[in-house]
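Undergrad: Following this line is query31.cif, made up of mmCIF, C-alpha atoms and all ligand atoms:
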```
data_final
#
loop_
_atom_site.label_atom_id
_atom_site.label_comp_id
_atom_site.auth_asym_id
_atom_site.auth_seq_id
_atom_site.Cartn_x
_atom_site.Cartn_y
_atom_site.Cartn_z
CA MET A 1 49.04 52.58 -34.16
CA GLY A 2 48.42 52.59 -30.49
CA ASN A 3 46.23 55.34 -29.33
CA THR A 4 42.79 54.29 -30.41
CA SER A 5 40.99 55.92 -27.57
CA GLN A 6 39.80 58.82 -29.61
CA ARG A 7 36.87 60.62 -28.17
CA SER A 8 35.58 61.46 -31.58
CA ARG A 9 36.20 60.77 -35.19
CA LEU A 10 35.47 62.41 -38.44
CA VAL A 11 32.91 61.16 -40.88
CA ALA A 12 31.67 62.42 -44.20
CA CYS A 13 28.31 64.05 -44.02
CA PRO A 14 25.93 61.82 -46.01
CA LYS A 15 24.16 64.86 -47.29
CA CYS A 16 26.79 67.27 -48.45
CA GLY A 17 29.96 65.29 -48.01
CA ARG A 18 31.61 67.74 -45.71
CA THR A 19 33.61 66.51 -42.82
CA ALA A 20 31.50 66.10 -39.76
CA GLU A 21 32.59 65.22 -36.30
CA TRP A 22 31.12 62.06 -34.93
CA SER A 23 30.87 62.75 -31.29
CA THR A 24 28.32 63.08 -28.59
CA GLU A 25 28.67 66.79 -28.94
CA ASN A 26 27.55 66.65 -32.53
CA ARG A 27 23.85 66.14 -32.20
CA TRP A 28 23.44 66.10 -35.94
CA ARG A 29 25.75 63.20 -36.54
CA PRO A 30 26.40 61.70 -38.93
CA PHE A 31 25.43 64.94 -40.59
CA CYS A 32 27.50 68.06 -40.32
CA SER A 33 24.69 70.35 -39.39
CA GLU A 34 21.05 70.60 -38.52
CA ARG A 35 20.23 71.75 -42.02
CA CYS A 36 21.73 68.69 -43.61
CA LYS A 37 19.99 66.39 -41.20
CA MET A 38 16.62 68.01 -41.60
CA THR A 39 16.94 68.16 -45.36
CA ASP A 40 17.84 64.53 -45.55
CA LEU A 41 15.13 63.40 -43.20
CA GLY A 42 12.62 65.55 -44.99
CA ALA A 43 13.42 64.04 -48.35
CA TRP A 44 13.38 60.61 -46.88
CA ALA A 45 10.07 61.11 -45.17
CA THR A 46 8.52 62.59 -48.27
CA GLU A 47 9.53 59.72 -50.47
CA ALA A 48 8.93 57.03 -47.91
CA TYR A 49 5.55 57.98 -46.67
CA ARG A 50 3.88 60.53 -48.90
CA ILE A 51 1.33 61.28 -46.28
CA PRO A 52 -1.33 63.64 -47.57
CA VAL A 53 -1.34 66.29 -44.93
CA GLU A 54 -3.74 68.48 -46.83
CA ALA A 55 -6.81 66.62 -45.73
CA GLY A 56 -9.51 69.11 -46.44
CA ASP A 57 -12.27 68.84 -48.96
CA GLU A 58 -11.48 65.30 -49.93
CA PRO A 59 -13.94 62.92 -48.32
CA GLU A 60 -12.33 60.19 -46.34
CA ILE A 61 -12.60 56.91 -48.10
CA PRO A 62 -12.30 54.05 -45.67
CA PRO A 63 -10.15 51.18 -46.87
CA GLU A 64 -11.97 48.09 -47.83
CA MET A 65 -11.45 45.61 -45.11
CA ASP A 66 -12.61 42.06 -45.31
ZN ZN A 101 26.35 68.30 -44.43
#
```
Kindly present the structure from the file in structure tokens form.
Ligand SMILES: [Zn+2]

TA:
Amino acid sequence: MGNTSQRSRLVACPKCGRTAEWSTENRWRPFCSERCKMTDLGAWATEAYRIPVEAGDEPEIPPEMD
């Protein structure tokens, strides 16, 4: 132990588990790649929000506000 001034470290990609480099050069951190990041964010967004983006024929029903 001694040299702890590492400029980067390795982490496991939360999506696929592959080793990803955690550094400022890895813009997808903590993911290993853009694909993993986008896939994860996409799944998260879909489950978290479920925003109906297909607003078309459906009439807009205003929320009842007291
Ligand atoms: Zn990955």

Undergrad: Please provide as a PyMOL selection string all residues within 12 Å of A:Lys37, with the sequence filter that same-chain residues fewer than 2 positions apart are discarded (counting only C-alpha atoms).

TA: chain A and resi 13-16+20+26-35+39-45

Undergrad: Go through A:Asp66, A:Pro59, A:Val11, A:Ser23 and flag the residue nearest ligand ZN 101 (chain A), using all atoms listed in the file for the distances.

TA: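 Residue with the minimum atom-to-atom distance to ligand ZN 101 (chain A): A:Val11.
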
Undergrad: Provide the atom CA of A:Glu25 to atom CA of A:Arg9 distance in Å, to one decimal place.

TA: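 Distance between the two atoms: 11.5 Å.
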
Undergrad: With distances taken over all atoms listed in the file, which residue among A:Trp22, A:Glu64, A:Ala12, A:Asp57 lies nearest ligand ZN 101 (chain A)?

TA: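 Closest candidate: A:Ala12.
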
Undergrad: Write out N, CA and C atoms for stretch 18-32 of chain A, as a CSV table (one decimal), in the coordinates of the input.

TA:
```csv
chain,number,residue,atom,x,y,z
A,18,ARG,N,30.6,67.0,-46.5
A,18,ARG,CA,31.6,67.7,-45.7
A,18,ARG,C,32.0,66.9,-44.5
A,19,THR,N,33.1,67.2,-44.0
A,19,THR,CA,33.6,66.5,-42.8
A,19,THR,C,32.8,66.9,-41.6
A,20,ALA,N,32.3,65.9,-41.0
A,20,ALA,CA,31.5,66.1,-39.8
A,20,ALA,C,32.1,65.3,-38.6
A,21,GLU,N,32.0,65.9,-37.5
A,21,GLU,CA,32.6,65.2,-36.3
A,21,GLU,C,31.6,64.3,-35.7
A,22,TRP,N,32.0,63.0,-35.6
A,22,TRP,CA,31.1,62.1,-34.9
A,22,TRP,C,31.4,62.0,-33.4
A,23,SER,N,30.7,62.7,-32.7
A,23,SER,CA,30.9,62.8,-31.3
A,23,SER,C,29.5,63.0,-30.6
A,24,THR,N,29.6,62.8,-29.3
A,24,THR,CA,28.3,63.1,-28.6
A,24,THR,C,28.0,64.6,-28.6
A,25,GLU,N,28.9,65.4,-28.9
A,25,GLU,CA,28.7,66.8,-28.9
A,25,GLU,C,28.0,67.2,-30.3
A,26,ASN,N,28.2,66.3,-31.2
A,26,ASN,CA,27.6,66.6,-32.5
A,26,ASN,C,26.2,66.0,-32.6
A,27,ARG,N,25.2,66.7,-32.3
A,27,ARG,CA,23.8,66.1,-32.2
A,27,ARG,C,23.3,65.8,-33.6
A,28,TRP,N,23.9,66.3,-34.6
A,28,TRP,CA,23.4,66.1,-35.9
A,28,TRP,C,24.1,64.9,-36.6
A,29,ARG,N,25.0,64.3,-35.9
A,29,ARG,CA,25.8,63.2,-36.5
A,29,ARG,C,24.8,62.2,-37.1
A,30,PRO,N,25.1,61.5,-38.2
A,30,PRO,CA,26.4,61.7,-38.9
A,30,PRO,C,26.4,62.9,-39.9
A,31,PHE,N,25.4,63.8,-39.7
A,31,PHE,CA,25.4,64.9,-40.6
A,31,PHE,C,26.3,66.0,-40.0
A,32,CYS,N,26.6,67.0,-40.8
A,32,CYS,CA,27.5,68.1,-40.3
A,32,CYS,C,26.7,69.2,-39.6
```
